[in-house]
Amino acid sequence: MLQAAEQASGGNYSFLLILVLLFGFMYFVMIRPQQKRRKEALEMQNTLGAGDEIVTIGGLHGTVVVADADVVTLEVAPGVEVRFARPAIARVLTKAGTVTDEPVTDEPESPVTPESPVTEVRKQD
């Protein structure tokens with residue numbers, strides 16, 4: 001009977017160990033990456049400046065005109081300005097003052113028309 005009591009208490013420790021390991025796993029898989037993404041988003045929102053091209057969480061593209069403490073004014077069309085809260089900015093497409101290189105496309109010197117792989121077959125009468 002004493003041996004059965006010892007086995008039961010050992011089972012409680014293993015259950016507790018499994019529970020602690022499960023919570024540790026969930027922290028490293030779910031909570032920690034979410035905190036890292038939130039930190040990056042706050043950093044991006046705090047570095048907004050005039051001239052930055054951004055996208056809001058609603059999908060609206062615009063250029064930052066004025067960035068106040070908690071409100072960002074965007075120009076979405078020439079002469080059309082809208083105000084958004086800083087947390088509504090999803091991502092920055094281009095920062096002000098950065099130059100984006102145009103992709104260089106190589107055009108062939110002479111246009112080559114490939115032969116059609118389809119051959120016309122007609123029944124002879």
# chains A, B, ... in the order shown; residues from 1 in each chain; ligands from 1
call {"tool": "residues_around", "arguments": {"residues": "region 34-50 of chain A", "least_positions_apart": "6", "cutoff": "7 Å", "atoms": "only C-alpha atoms", "output": "MDAnalysis selection string"}}
result
chainID A and resid 64:67 86:87 89 96
call {"tool": "select_by_dssp", "arguments": {"residues": "region 9-83 of chain A", "states": "alpha helix (DSSP H)", "output": "PyMOL selection string"}}
result
chain A and resi 9-26+32-46
call {"tool": "atom_distance", "arguments": {"atom1": "CA of Gly62 (chain A)", "atom2": "CA of Val80 (chain A)"}}
result
10.0 Å
call {"tool": "decode", "arguments": {"residues": "region 81-99 of chain A", "atoms": "N, CA and C atoms", "output": "PDB file, in the first residue's frame"}}
result
ATOM      1  N   GLU A  81      -6.458  65.149 -48.323  1.00  0.00           N
ATOM      2  CA  GLU A  81      -5.716  64.736 -47.143  1.00  0.00           C
ATOM      3  C   GLU A  81      -6.669  64.111 -46.125  1.00  0.00           C
ATOM      4  N   VAL A  82      -6.232  63.021 -45.510  1.00  0.00           N
ATOM      5  CA  VAL A  82      -7.023  62.330 -44.493  1.00  0.00           C
ATOM      6  C   VAL A  82      -6.148  62.132 -43.262  1.00  0.00           C
ATOM      7  N   ARG A  83      -6.794  62.018 -42.103  1.00  0.00           N
ATOM      8  CA  ARG A  83      -6.077  61.832 -40.841  1.00  0.00           C
ATOM      9  C   ARG A  83      -6.300  60.408 -40.335  1.00  0.00           C
ATOM     10  N   PHE A  84      -5.235  59.813 -39.849  1.00  0.00           N
ATOM     11  CA  PHE A  84      -5.284  58.464 -39.290  1.00  0.00           C
ATOM     12  C   PHE A  84      -4.540  58.455 -37.968  1.00  0.00           C
ATOM     13  N   ALA A  85      -4.947  57.567 -37.084  1.00  0.00           N
ATOM     14  CA  ALA A  85      -4.189  57.319 -35.863  1.00  0.00           C
ATOM     15  C   ALA A  85      -2.925  56.548 -36.244  1.00  0.00           C
ATOM     16  N   ARG A  86      -1.851  56.778 -35.524  1.00  0.00           N
ATOM     17  CA  ARG A  86      -0.583  56.093 -35.834  1.00  0.00           C
ATOM     18  C   ARG A  86      -0.715  54.572 -35.863  1.00  0.00           C
ATOM     19  N   PRO A  87      -1.462  53.945 -34.934  1.00  0.00           N
ATOM     20  CA  PRO A  87      -1.570  52.483 -34.995  1.00  0.00           C
ATOM     21  C   PRO A  87      -2.275  51.957 -36.248  1.00  0.00           C
ATOM     22  N   ALA A  88      -2.910  52.837 -37.030  1.00  0.00           N
ATOM     23  CA  ALA A  88      -3.584  52.392 -38.246  1.00  0.00           C
ATOM     24  C   ALA A  88      -2.616  52.232 -39.414  1.00  0.00           C
ATOM     25  N   ILE A  89      -1.349  52.553 -39.229  1.00  0.00           N
ATOM     26  CA  ILE A  89      -0.361  52.409 -40.293  1.00  0.00           C
ATOM     27  C   ILE A  89       0.162  50.980 -40.259  1.00  0.00           C
ATOM     28  N   ALA A  90      -0.037  50.262 -41.360  1.00  0.00           N
ATOM     29  CA  ALA A  90       0.369  48.858 -41.413  1.00  0.00           C
ATOM     30  C   ALA A  90       1.831  48.700 -41.798  1.00  0.00           C
ATOM     31  N   ARG A  91       2.276  49.419 -42.837  1.00  0.00           N
ATOM     32  CA  ARG A  91       3.673  49.288 -43.258  1.00  0.00           C
ATOM     33  C   ARG A  91       4.103  50.503 -44.058  1.00  0.00           C
ATOM     34  N   VAL A  92       5.410  50.687 -44.136  1.00  0.00           N
ATOM     35  CA  VAL A  92       6.000  51.784 -44.891  1.00  0.00           C
ATOM     36  C   VAL A  92       6.542  51.195 -46.183  1.00  0.00           C
ATOM     37  N   LEU A  93       6.080  51.748 -47.313  1.00  0.00           N
ATOM     38  CA  LEU A  93       6.565  51.259 -48.603  1.00  0.00           C
ATOM     39  C   LEU A  93       7.932  51.853 -48.927  1.00  0.00           C
ATOM     40  N   THR A  94       8.042  53.182 -48.869  1.00  0.00           N
ATOM     41  CA  THR A  94       9.319  53.845 -49.101  1.00  0.00           C
ATOM     42  C   THR A  94       9.471  54.976 -48.106  1.00  0.00           C
ATOM     43  N   LYS A  95      10.666  55.109 -47.585  1.00  0.00           N
ATOM     44  CA  LYS A  95      10.964  56.200 -46.670  1.00  0.00           C
ATOM     45  C   LYS A  95      11.290  57.443 -47.481  1.00  0.00           C
ATOM     46  N   ALA A  96      11.060  58.608 -46.890  1.00  0.00           N
ATOM     47  CA  ALA A  96      11.378  59.875 -47.561  1.00  0.00           C
ATOM     48  C   ALA A  96      12.883  59.969 -47.751  1.00  0.00           C
ATOM     49  N   GLY A  97      13.296  60.382 -48.928  1.00  0.00           N
ATOM     50  CA  GLY A  97      14.714  60.555 -49.205  1.00  0.00           C
ATOM     51  C   GLY A  97      15.405  59.325 -49.733  1.00  0.00           C
ATOM     52  N   THR A  98      14.749  58.183 -49.773  1.00  0.00           N
ATOM     53  CA  THR A  98      15.388  56.994 -50.331  1.00  0.00           C
ATOM     54  C   THR A  98      15.093  56.921 -51.814  1.00  0.00           C
ATOM     55  N   VAL A  99      16.050  56.473 -52.560  1.00  0.00           N
ATOM     56  CA  VAL A  99      15.909  56.358 -54.001  1.00  0.00           C
ATOM     57  C   VAL A  99      15.719  54.889 -54.340  1.00  0.00           C
TER      58      VAL A  99
END
